[in-house]
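Shown next: protein.cif, containing mmCIF, C-alpha atoms.
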data_input
loop_
_atom_site.label_atom_id
_atom_site.label_comp_id
_atom_site.auth_asym_id
_atom_site.auth_seq_id
_atom_site.Cartn_x
_atom_site.Cartn_y
_atom_site.Cartn_z
CA MET A 1255 47.99 22.33 87.34
CA ARG A 1256 45.77 22.01 84.29
CA HIS A 1257 44.72 24.73 81.88
CA THR A 1258 42.31 24.52 78.97
CA ASP A 1259 40.92 26.82 76.29
CA ARG A 1260 37.37 25.54 76.65
CA ALA A 1261 34.54 27.38 78.35
CA PRO A 1262 34.61 27.05 82.16
CA SER A 1263 32.63 24.22 83.68
CA PRO A 1264 29.34 25.41 85.24
CA SER A 1265 29.72 23.19 88.29
CA LEU A 1266 32.02 22.88 91.29
CA GLN A 1267 33.29 19.77 93.03
CA LEU A 1268 33.11 21.39 96.47
CA ALA A 1269 33.90 18.17 98.30
CA ARG A 1270 37.43 18.51 96.95
CA ALA A 1271 37.93 21.81 98.78
CA PRO A 1272 38.13 21.06 102.53
CA LEU A 1273 40.32 24.14 103.15
CA LEU A 1274 37.45 26.37 102.12
CA THR A 1275 35.02 25.11 104.74
CA HIS A 1276 36.98 23.84 107.73
CA LEU A 1277 36.64 27.15 109.61
CA GLY A 1278 33.67 28.12 111.72
CA GLY A 1279 31.31 25.35 110.61
CA SER A 1280 30.86 27.05 107.24
CA VAL A 1281 29.35 25.49 104.12
CA LEU A 1282 29.62 26.26 100.41
CA ARG A 1283 26.82 25.79 97.92
CA SER A 1284 26.74 26.46 94.18
CA GLU A 1285 23.93 26.97 91.67
CA PRO A 1286 24.19 27.08 87.87
CA VAL A 1287 22.80 30.20 86.18
CA LYS A 1288 20.13 28.94 83.79
CA ASP A 1289 17.98 30.86 81.33
CA ALA A 1290 14.87 29.82 83.28
CA LEU A 1291 16.02 31.89 86.23
CA ARG A 1292 15.69 35.10 84.21
CA GLY A 1293 12.04 34.77 83.18
CA ASP A 1294 8.95 35.44 85.26
CA THR A 1295 7.63 31.89 84.73
CA GLY A 1296 10.80 30.31 86.06
CA ILE A 1297 11.00 32.70 88.98
CA GLN A 1298 7.39 32.09 89.94
CA ALA A 1299 7.93 28.33 89.75
CA LEU A 1300 10.75 28.66 92.28
CA VAL A 1301 8.46 30.62 94.61
CA GLU A 1302 5.75 27.97 94.34
CA ALA A 1303 8.30 25.25 94.99
CA GLY A 1304 9.44 27.02 98.15
CA ARG A 1305 12.98 27.57 96.88
CA LEU A 1306 12.67 31.36 96.56
CA HIS A 1307 10.79 33.80 98.78
CA ALA A 1308 8.17 36.01 97.15
CA ASP A 1309 10.03 39.14 98.30
CA GLU A 1310 13.23 37.86 96.70
CA ALA A 1311 11.29 37.18 93.51
CA ALA A 1312 9.98 40.75 93.54
CA LEU A 1313 13.52 42.06 93.95
CA ALA A 1314 14.68 39.87 91.05
CA ARG A 1315 11.90 41.10 88.76
CA ALA A 1316 12.92 44.70 89.48
CA LEU A 1317 16.40 44.01 88.12
CA PRO A 1318 17.37 44.23 84.45
CA GLU A 1319 16.77 40.86 82.80
CA SER A 1320 20.50 40.44 82.24
CA ARG A 1321 21.08 40.43 86.01
CA ARG A 1322 18.14 38.32 87.15
CA GLY A 1323 19.72 34.94 86.49
CA THR A 1324 22.82 35.55 88.61
CA PHE A 1325 20.78 37.17 91.39
CA VAL A 1326 18.30 34.28 91.59
CA ALA A 1327 21.05 31.65 91.38
CA GLY A 1328 22.91 33.42 94.19
CA ARG A 1329 19.83 33.44 96.40
CA LEU A 1330 19.18 29.75 95.71
CA ALA A 1331 22.76 28.86 96.66
CA LEU A 1332 22.57 31.07 99.75
CA ARG A 1333 19.25 29.59 100.87
CA ASP A 1334 20.64 26.05 100.47
CA ALA A 1335 23.65 26.99 102.61
CA LEU A 1336 21.45 28.75 105.17
CA ARG A 1337 19.20 25.73 105.58
CA GLU A 1338 22.18 23.50 106.26
CA VAL A 1339 23.83 25.89 108.73
CA MET A 1340 20.64 26.54 110.67
CA GLY A 1341 19.95 22.83 110.78
CA GLU A 1342 23.47 22.12 112.04
CA SER A 1343 23.03 24.87 114.63
CA GLY A 1344 20.18 22.98 116.26
CA ASN A 1345 17.34 25.24 115.16
CA ASP A 1346 14.19 23.99 113.55
CA GLY A 1347 16.05 22.64 110.54
CA PRO A 1348 15.46 23.40 106.86
CA ARG A 1349 11.84 24.45 107.31
CA SER A 1350 12.82 27.26 109.67
CA THR A 1351 14.07 29.32 106.69
CA ALA A 1352 10.97 28.93 104.50
CA ASP A 1353 9.44 32.26 105.54
CA LEU A 1354 12.72 34.15 105.63
CA SER A 1355 13.39 36.56 102.77
CA ILE A 1356 17.03 37.38 102.07
CA LEU A 1357 17.07 40.89 100.66
CA ARG A 1358 19.91 43.44 100.68
CA ASN A 1359 21.46 45.68 103.30
CA ASP A 1360 22.59 49.24 102.63
CA ARG A 1361 25.91 47.94 101.31
CA GLY A 1362 24.32 45.58 98.80
CA ALA A 1363 25.23 42.44 100.72
CA PRO A 1364 22.64 39.79 101.70
CA ALA A 1365 20.57 40.89 104.70
CA LEU A 1366 20.78 37.84 106.97
CA PRO A 1367 19.74 36.97 110.53
CA HIS A 1368 22.33 38.06 113.09
CA THR A 1369 23.01 34.42 113.98
CA VAL A 1370 24.70 33.72 110.64
CA SER A 1371 27.06 35.37 108.18
CA GLY A 1372 26.95 34.76 104.45
CA SER A 1373 28.39 35.94 101.17
CA ILE A 1374 27.63 35.44 97.47
CA THR A 1375 29.72 35.57 94.31
CA HIS A 1376 28.80 34.79 90.74
CA LYS A 1377 29.91 34.65 87.14
CA ALA A 1378 27.68 34.43 84.07
CA SER A 1379 27.20 30.66 84.39
CA LEU A 1380 27.56 29.98 88.11
CA ALA A 1381 26.73 31.42 91.52
CA LEU A 1382 28.40 30.42 94.77
CA ALA A 1383 27.46 31.13 98.38
CA VAL A 1384 29.24 30.60 101.69
CA MET A 1385 27.45 30.57 105.03
CA ALA A 1386 28.70 30.24 108.60
CA PRO A 1387 27.05 30.45 112.03
CA ARG A 1388 27.99 33.43 114.17
CA PRO A 1389 28.84 32.58 117.79
CA ALA A 1390 26.07 33.60 120.17
CA GLY A 1391 27.88 33.68 123.52
CA PRO A 1392 28.89 37.02 125.12
CA ASN A 1393 32.56 36.01 125.10
CA ASP A 1394 32.63 34.62 121.59
CA ARG A 1395 34.41 36.38 118.78
CA LEU A 1396 32.37 37.90 116.01
CA GLN A 1397 32.69 36.23 112.63
CA PHE A 1398 32.01 37.36 109.07
CA VAL A 1399 32.69 35.53 105.83
CA GLY A 1400 33.44 36.44 102.23
CA VAL A 1401 33.71 34.45 99.01
CA ASP A 1402 34.88 35.09 95.47
CA LEU A 1403 34.77 33.07 92.27
CA GLU A 1404 37.04 33.65 89.27
CA HIS A 1405 37.79 31.84 86.02
CA ARG A 1406 41.20 30.20 85.84
CA PRO A 1407 43.28 31.78 83.07
CA THR A 1408 43.90 30.04 79.76
CA PRO A 1409 46.70 30.58 77.22
CA ALA A 1410 44.37 32.94 75.33
CA ASP A 1411 44.35 35.26 78.36
CA LEU A 1412 48.09 35.88 78.08
CA GLY A 1413 47.40 38.27 75.21
CA ARG A 1414 45.57 40.60 77.62
CA PRO A 1415 47.32 43.02 80.00
CA SER A 1416 48.00 41.69 83.48
CA ILE A 1417 46.21 43.29 86.44
CA ALA A 1418 49.17 42.60 88.76
CA ARG A 1419 50.35 46.20 89.19
CA ARG A 1420 46.79 47.39 89.85
CA ILE A 1421 46.00 44.94 92.63
CA LEU A 1422 49.29 43.90 94.25
CA THR A 1423 51.40 45.75 96.79
CA ALA A 1424 55.14 46.20 96.18
CA ARG A 1425 55.85 43.34 98.59
CA GLU A 1426 53.40 41.05 96.80
CA LEU A 1427 54.88 41.91 93.40
CA GLN A 1428 58.37 41.13 94.69
CA SER A 1429 57.20 37.83 96.14
CA LEU A 1430 55.77 36.74 92.80
CA GLN A 1431 58.95 37.78 90.99
CA ASP A 1432 61.10 35.84 93.47
CA ARG A 1433 59.26 32.63 92.60
CA ARG A 1434 58.58 33.40 88.93
CA GLU A 1435 57.28 30.42 87.02
CA ASP A 1436 55.87 30.12 83.52
CA ALA A 1437 53.63 32.94 82.31
CA LEU A 1438 50.35 31.08 82.74
CA VAL A 1439 51.14 29.94 86.29
CA GLU A 1440 52.18 33.49 87.17
CA ARG A 1441 48.94 34.88 85.71
CA GLU A 1442 46.99 32.38 87.79
CA ALA A 1443 48.86 33.40 90.95
CA VAL A 1444 47.82 37.00 90.33
CA LEU A 1445 44.18 35.93 89.95
CA VAL A 1446 44.39 33.92 93.17
CA HIS A 1447 45.52 37.11 94.94
CA PHE A 1448 42.66 39.01 93.29
CA ALA A 1449 40.07 36.43 94.38
CA ILE A 1450 41.33 36.31 97.95
CA LYS A 1451 41.34 40.10 98.25
CA GLU A 1452 37.75 40.23 96.97
CA ALA A 1453 36.75 37.66 99.59
CA VAL A 1454 38.61 39.59 102.31
CA TYR A 1455 36.82 42.82 101.40
CA LYS A 1456 33.46 41.13 101.91
CA ALA A 1457 34.60 39.63 105.22
CA ILE A 1458 35.73 42.99 106.64
CA ASP A 1459 33.01 45.20 105.16
CA PRO A 1460 30.80 44.86 108.29
CA PHE A 1461 33.66 46.50 110.22
CA VAL A 1462 34.66 49.30 107.83
CA HIS A 1463 31.54 50.02 105.71
CA ARG A 1464 33.53 51.46 102.83
CA TYR A 1465 35.27 50.60 99.58
CA VAL A 1466 38.67 49.06 100.30
CA ARG A 1467 41.54 49.55 97.85
CA PHE A 1468 43.42 46.49 96.67
CA THR A 1469 46.65 47.79 98.20
CA GLU A 1470 45.03 48.12 101.63
CA VAL A 1471 45.18 44.34 102.03
CA GLU A 1472 48.48 42.48 101.74
CA LEU A 1473 48.76 38.72 101.31
CA ALA A 1474 51.60 36.29 101.91
CA LEU A 1475 51.60 32.61 101.01
CA ARG A 1476 51.31 30.50 104.16
CA GLU A 1477 50.70 27.00 102.84
CA THR A 1478 50.04 25.56 99.42
CA GLY A 1479 49.39 22.35 97.59
CA ALA A 1480 48.73 21.42 94.00
CA THR A 1481 45.17 22.75 94.03
CA SER A 1482 44.67 24.67 97.29
CA GLY A 1483 46.39 26.83 99.85
CA ALA A 1484 46.11 29.49 102.53
CA MET A 1485 47.32 33.07 102.77
CA SER A 1486 48.23 35.20 105.76
CA VAL A 1487 46.38 38.51 105.60
CA THR A 1488 47.71 41.89 106.71
CA LEU A 1489 45.10 44.66 106.93
CA LEU A 1490 46.60 48.08 106.11
CA LEU A 1491 43.42 50.11 106.65
CA PRO A 1492 44.13 53.02 109.04
CA GLU A 1493 40.84 52.67 110.92
CA LEU A 1494 41.71 49.08 111.84
CA ALA A 1495 45.12 49.94 113.32
CA GLY A 1496 45.22 48.88 116.95
CA THR A 1497 42.19 46.62 116.69
CA ASP A 1498 42.29 42.86 117.10
CA ILE A 1499 40.52 42.07 113.85
CA GLU A 1500 41.99 38.96 112.25
CA VAL A 1501 41.35 37.50 108.82
CA ARG A 1502 42.08 34.00 107.56
CA ALA A 1503 41.92 33.31 103.85
CA GLN A 1504 42.21 30.28 101.63
CA TRP A 1505 41.85 29.34 97.97
CA HIS A 1506 41.10 26.29 95.88
CA LEU A 1507 41.43 25.43 92.19
CA ASP A 1508 38.29 23.57 91.15
CA ASP A 1509 38.42 22.41 87.54
CA ASP A 1510 38.23 25.73 85.62
CA TRP A 1511 37.50 27.88 88.67
CA ILE A 1512 39.39 29.72 91.39
CA VAL A 1513 37.39 29.81 94.64
CA ALA A 1514 38.52 31.96 97.58
CA THR A 1515 37.02 32.31 101.04
CA ALA A 1516 37.90 34.61 103.94
CA PHE A 1517 36.83 34.66 107.60
CA SER A 1518 37.16 37.72 109.86
CA THR A 1519 36.96 37.77 113.65
CA ARG A 1520 36.99 40.49 116.27
CA SER A 1521 36.70 40.37 120.03
CA PRO A 1522 33.28 41.55 121.28
CA ALA A 1523 35.10 43.83 123.69
CA ASP A 1524 36.55 45.64 120.69
CA GLY A 1525 33.15 46.62 119.33
CA SER A 1526 30.45 45.08 117.19
CA GLY A 1527 30.14 45.01 113.43
#
Translate the structure described by the file into structure tokens.
Amino acid sequence: MRHTDRAPSPSLQLARAPLLTHLGGSVLRSEPVKDALRGDTGIQALVEAGRLHADEAALARALPESRRGTFVAGRLALRDALREVMGESGNDGPRSTADLSILRNDRGAPALPHTVSGSITHKASLALAVMAPRPAGPNDRLQFVGVDLEHRPTPADLGRPSIARRILTARELQSLQDRREDALVEREAVLVHFAIKEAVYKAIDPFVHRYVRFTEVELALRETGATSGAMSVTLLLPELAGTDIEVRAQWHLDDDWIVATAFSTRSPADGSG
């Protein structure tokens, strides 16, 4: 496990993260946040090149300039992922998405066709999107996805207060204490939990439509390697008690980044999200 004090790399080596995409035919795509994405000239050039829909450009221009770059980068990553998923699904291929604008639903998430599920996350220098097809058959289980991106901690971060007691349940805190390692590794483990919980919240939001507290989701390490692993997820939300909603979550360390993805399923007989 490597840690550095330098600024995080703006790119991801997604091919090194098979755990993140082996479920549900999903794909991950990243896009660097460049200064050109914030200005009207750069945004218009993307529209003319067919990489950004005019409606998405209008939504970007309505945002404060400080937020335009991450919004546009997120849409570019999401559109790249959408083109691949729709092509793999046997539709008309990449051109079938050219006239589709990806705006926002009432929860602020990307408003996507019902045949796919997608999620976006971003930091100041990088945006990341995950996309997966949703099963179309009447007996298929519904599927939603979530993704989160966090910086890996550096030694300089150890001078800042830990967020462990704000985001971890008592059982999670005990688990980390039972396998206490050096301070930097422990700080990274906390951030892995944080990233996974953020991804889980996005994956279950279509079912609950509300803010979920960190302690309403409990994680337990299921499998791990040097740079990736999976967590079992226990949902403690009262409205989900007795339902058959299941969530699978995984994480990957990619250079200076922590990437987490989550996938939720629910039987159609149990209701639709």
Self-check item: Contact residues around Ser1429 in chain A with all atoms listed in the file at 12 Å, ignoring same-chain residues under 4 positions, as a ChimeraX atom specification
Solution: /A:1418,1422-1425,1433-1435,1440,1443-1444,1447,1472-1475
Store the residues picked out above, limited to C-alpha atoms, as a PDB file, in the frame of the given file.
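Listing of result_36.pdb after writing:
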ATOM      1  CA  ALA A1418      49.170  42.600  88.760  1.00  0.00           C
ATOM      2  CA  LEU A1422      49.290  43.900  94.250  1.00  0.00           C
ATOM      3  CA  THR A1423      51.400  45.750  96.790  1.00  0.00           C
ATOM      4  CA  ALA A1424      55.140  46.200  96.180  1.00  0.00           C
ATOM      5  CA  ARG A1425      55.850  43.340  98.590  1.00  0.00           C
ATOM      6  CA  ARG A1433      59.260  32.630  92.600  1.00  0.00           C
ATOM      7  CA  ARG A1434      58.580  33.400  88.930  1.00  0.00           C
ATOM      8  CA  GLU A1435      57.280  30.420  87.020  1.00  0.00           C
ATOM      9  CA  GLU A1440      52.180  33.490  87.170  1.00  0.00           C
ATOM     10  CA  ALA A1443      48.860  33.400  90.950  1.00  0.00           C
ATOM     11  CA  VAL A1444      47.820  37.000  90.330  1.00  0.00           C
ATOM     12  CA  HIS A1447      45.520  37.110  94.940  1.00  0.00           C
ATOM     13  CA  GLU A1472      48.480  42.480 101.740  1.00  0.00           C
ATOM     14  CA  LEU A1473      48.760  38.720 101.310  1.00  0.00           C
ATOM     15  CA  ALA A1474      51.600  36.290 101.910  1.00  0.00           C
ATOM     16  CA  LEU A1475      51.600  32.610 101.010  1.00  0.00           C
TER      17      LEU A1475
END
Quiz item: Between A:Ser1355, A:Thr1481, A:Ser1284, A:Ser1373, which has the minimum distance to Ala1308 in chain A (counting all atoms listed in the file)?
Solution: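 Nearest candidate to Ala1308 in chain A out of A:Ser1355, A:Thr1481, A:Ser1284, A:Ser1373: A:Ser1355.
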Quiz item: In Å, how far is it from CA of Thr1375 in chain A to CA of Asp1309 in chain A?
Solution: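 Calculated distance between CA of Thr1375 in chain A and CA of Asp1309 in chain A is 20.4 Å.
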Self-check item: Expected selection from the PyMOL selection byres ((chain A and resi 1476) around 6), given as a list in words
Solution: Leu1475, Glu1477, Ala1484, Met1485 and Ser1486 of chain A
Exercise. Identify, on the basis of all atoms listed in the file, every residue whose closest approach to Ile1356 in chain A does not exceed 9 Å; exclude the query and any residue fewer than 6 positions from it along the same chain; express the result as a PyMOL selection string.
Key: chain A and resi 1307+1309-1310+1329+1332-1333+1364-1367
Quiz prompt | Straight-line distance linking CA of Pro1387 in chain A with CA of Thr1519 in chain A, stated in Å to one decimal | solution = 12.4 Å
Exercise. Record the distance separating CA of Ala1363 in chain A and CA of Pro1407 in chain A, expressed in Å with one decimal.
Key: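 We find that CA of Ala1363 in chain A and CA of Pro1407 in chain A lie 27.4 Å from each other.
Taken over the shown file, the PyMOL selection byres ((chain A and resi 1295-1302) around 10) identifies Lys1288, Asp1289, Ala1290, Leu1291, Arg1292, Gly1293, Asp1294, Ala1303, Gly1304, Arg1305, Leu1306, His1307, Ala1308, Asp1309, Glu1310, Ala1311, Ala1312, Ala1314, Arg1315, Arg1322, Gly1323, Val1326 and Leu1330 of chain A.
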Exercise. Determine the residue set returned by the PyMOL selection byres ((chain A and resi 1374) around 7) for the present structure, and present it as a list in words.
Key: Gly1328, Ser1373, Thr1375, His1376, Leu1382, Ala1383, Val1384 and Val1401 of chain A
Could you list, as a PDB file with C-alpha atoms, keeping the file's coordinate frame, every residue within 8 Å of Ser1416 in chain A, counting all atoms listed in the file and ignoring same-chain residues fewer than 3 positions away?
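Contents of result16.pdb, freshly written:
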ATOM      1  CA  LEU A1412      48.090  35.880  78.080  1.00  0.00           C
ATOM      2  CA  ARG A1419      50.350  46.200  89.190  1.00  0.00           C
ATOM      3  CA  ARG A1441      48.940  34.880  85.710  1.00  0.00           C
TER       4      ARG A1441
END
Practice problem: Would you list the contacts of Arg1388 in chain A as a PyMOL selection string, taking every protein, DNA or RNA residue within 9 Å and counting all atoms listed in the file, but skipping same-chain residues closer than 2 positions in sequence? | Solution: chain A and resi 1278+1368-1371+1386+1390+1394-1398
Quiz prompt | Selected residue, from A:Leu1430, A:Val1513, A:Arg1467, A:Val1454, that lies nearest to Ile1499 in chain A when counting only C-alpha atoms | solution =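 When distances to Ile1499 in chain A are compared using only C-alpha atoms, the smallest one comes from A:Val1454.
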Self-check item: Minimum-distance residue to Thr1478 in chain A, chosen among A:Glu1319, A:Leu1380, A:Gly1362, A:His1506 (using all atoms listed in the file)
Solution: A:His1506
Quiz prompt | Which residue of A:Asp1498, A:Glu1493, A:Glu1404, A:Asp1432 approaches Thr1515 in chain A most closely, using only C-alpha atoms | solution = A:Glu1404
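Nearest to Ser1379 in chain A of all the residues A:Val1287, A:Ala1495, A:Leu1354, A:Leu1282 is A:Val1287, counting all atoms listed in the file.
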When you get a chance, write out N, CA, C and O atoms for range 1471-1484 of chain A, as a PDB file, keeping the file's coordinate frame.
ATOM      1  N   VAL A1471      45.114  45.707 101.517  1.00  0.00           N
ATOM      2  CA  VAL A1471      45.180  44.340 102.030  1.00  0.00           C
ATOM      3  C   VAL A1471      46.406  43.683 101.403  1.00  0.00           C
ATOM      4  O   VAL A1471      46.581  43.720 100.188  1.00  0.00           O
ATOM      5  N   GLU A1472      47.266  43.119 102.238  1.00  0.00           N
ATOM      6  CA  GLU A1472      48.480  42.480 101.740  1.00  0.00           C
ATOM      7  C   GLU A1472      48.473  41.003 102.114  1.00  0.00           C
ATOM      8  O   GLU A1472      48.168  40.635 103.254  1.00  0.00           O
ATOM      9  N   LEU A1473      48.816  40.164 101.136  1.00  0.00           N
ATOM     10  CA  LEU A1473      48.760  38.720 101.310  1.00  0.00           C
ATOM     11  C   LEU A1473      50.161  38.124 101.235  1.00  0.00           C
ATOM     12  O   LEU A1473      51.025  38.627 100.527  1.00  0.00           O
ATOM     13  N   ALA A1474      50.347  37.039 101.973  1.00  0.00           N
ATOM     14  CA  ALA A1474      51.600  36.290 101.910  1.00  0.00           C
ATOM     15  C   ALA A1474      51.250  34.813 101.952  1.00  0.00           C
ATOM     16  O   ALA A1474      50.428  34.385 102.777  1.00  0.00           O
ATOM     17  N   LEU A1475      51.870  34.040 101.080  1.00  0.00           N
ATOM     18  CA  LEU A1475      51.600  32.610 101.010  1.00  0.00           C
ATOM     19  C   LEU A1475      51.990  31.943 102.329  1.00  0.00           C
ATOM     20  O   LEU A1475      53.104  32.118 102.817  1.00  0.00           O
ATOM     21  N   ARG A1476      51.051  31.193 102.908  1.00  0.00           N
ATOM     22  CA  ARG A1476      51.310  30.500 104.160  1.00  0.00           C
ATOM     23  C   ARG A1476      51.477  28.991 103.960  1.00  0.00           C
ATOM     24  O   ARG A1476      52.337  28.370 104.542  1.00  0.00           O
ATOM     25  N   GLU A1477      50.600  28.416 103.153  1.00  0.00           N
ATOM     26  CA  GLU A1477      50.700  27.000 102.840  1.00  0.00           C
ATOM     27  C   GLU A1477      50.064  26.769 101.480  1.00  0.00           C
ATOM     28  O   GLU A1477      49.142  27.472 101.079  1.00  0.00           O
ATOM     29  N   THR A1478      50.579  25.793 100.757  1.00  0.00           N
ATOM     30  CA  THR A1478      50.040  25.560  99.420  1.00  0.00           C
ATOM     31  C   THR A1478      50.211  24.114  99.029  1.00  0.00           C
ATOM     32  O   THR A1478      51.116  23.426  99.499  1.00  0.00           O
ATOM     33  N   GLY A1479      49.312  23.673  98.182  1.00  0.00           N
ATOM     34  CA  GLY A1479      49.390  22.350  97.590  1.00  0.00           C
ATOM     35  C   GLY A1479      49.173  22.491  96.102  1.00  0.00           C
ATOM     36  O   GLY A1479      49.215  23.592  95.552  1.00  0.00           O
ATOM     37  N   ALA A1480      48.904  21.390  95.446  1.00  0.00           N
ATOM     38  CA  ALA A1480      48.730  21.420  94.000  1.00  0.00           C
ATOM     39  C   ALA A1480      47.484  22.193  93.598  1.00  0.00           C
ATOM     40  O   ALA A1480      47.459  22.855  92.554  1.00  0.00           O
ATOM     41  N   THR A1481      46.435  22.112  94.413  1.00  0.00           N
ATOM     42  CA  THR A1481      45.170  22.750  94.030  1.00  0.00           C
ATOM     43  C   THR A1481      44.580  23.629  95.108  1.00  0.00           C
ATOM     44  O   THR A1481      43.474  24.158  94.931  1.00  0.00           O
ATOM     45  N   SER A1482      45.250  23.837  96.237  1.00  0.00           N
ATOM     46  CA  SER A1482      44.670  24.670  97.290  1.00  0.00           C
ATOM     47  C   SER A1482      45.774  25.233  98.168  1.00  0.00           C
ATOM     48  O   SER A1482      46.922  24.777  98.125  1.00  0.00           O
ATOM     49  N   GLY A1483      45.424  26.226  98.951  1.00  0.00           N
ATOM     50  CA  GLY A1483      46.390  26.830  99.850  1.00  0.00           C
ATOM     51  C   GLY A1483      45.764  27.871 100.736  1.00  0.00           C
ATOM     52  O   GLY A1483      44.558  28.136 100.668  1.00  0.00           O
ATOM     53  N   ALA A1484      46.569  28.456 101.606  1.00  0.00           N
ATOM     54  CA  ALA A1484      46.110  29.490 102.530  1.00  0.00           C
ATOM     55  C   ALA A1484      47.059  30.670 102.463  1.00  0.00           C
ATOM     56  O   ALA A1484      48.236  30.531 102.117  1.00  0.00           O
TER      57      ALA A1484
END
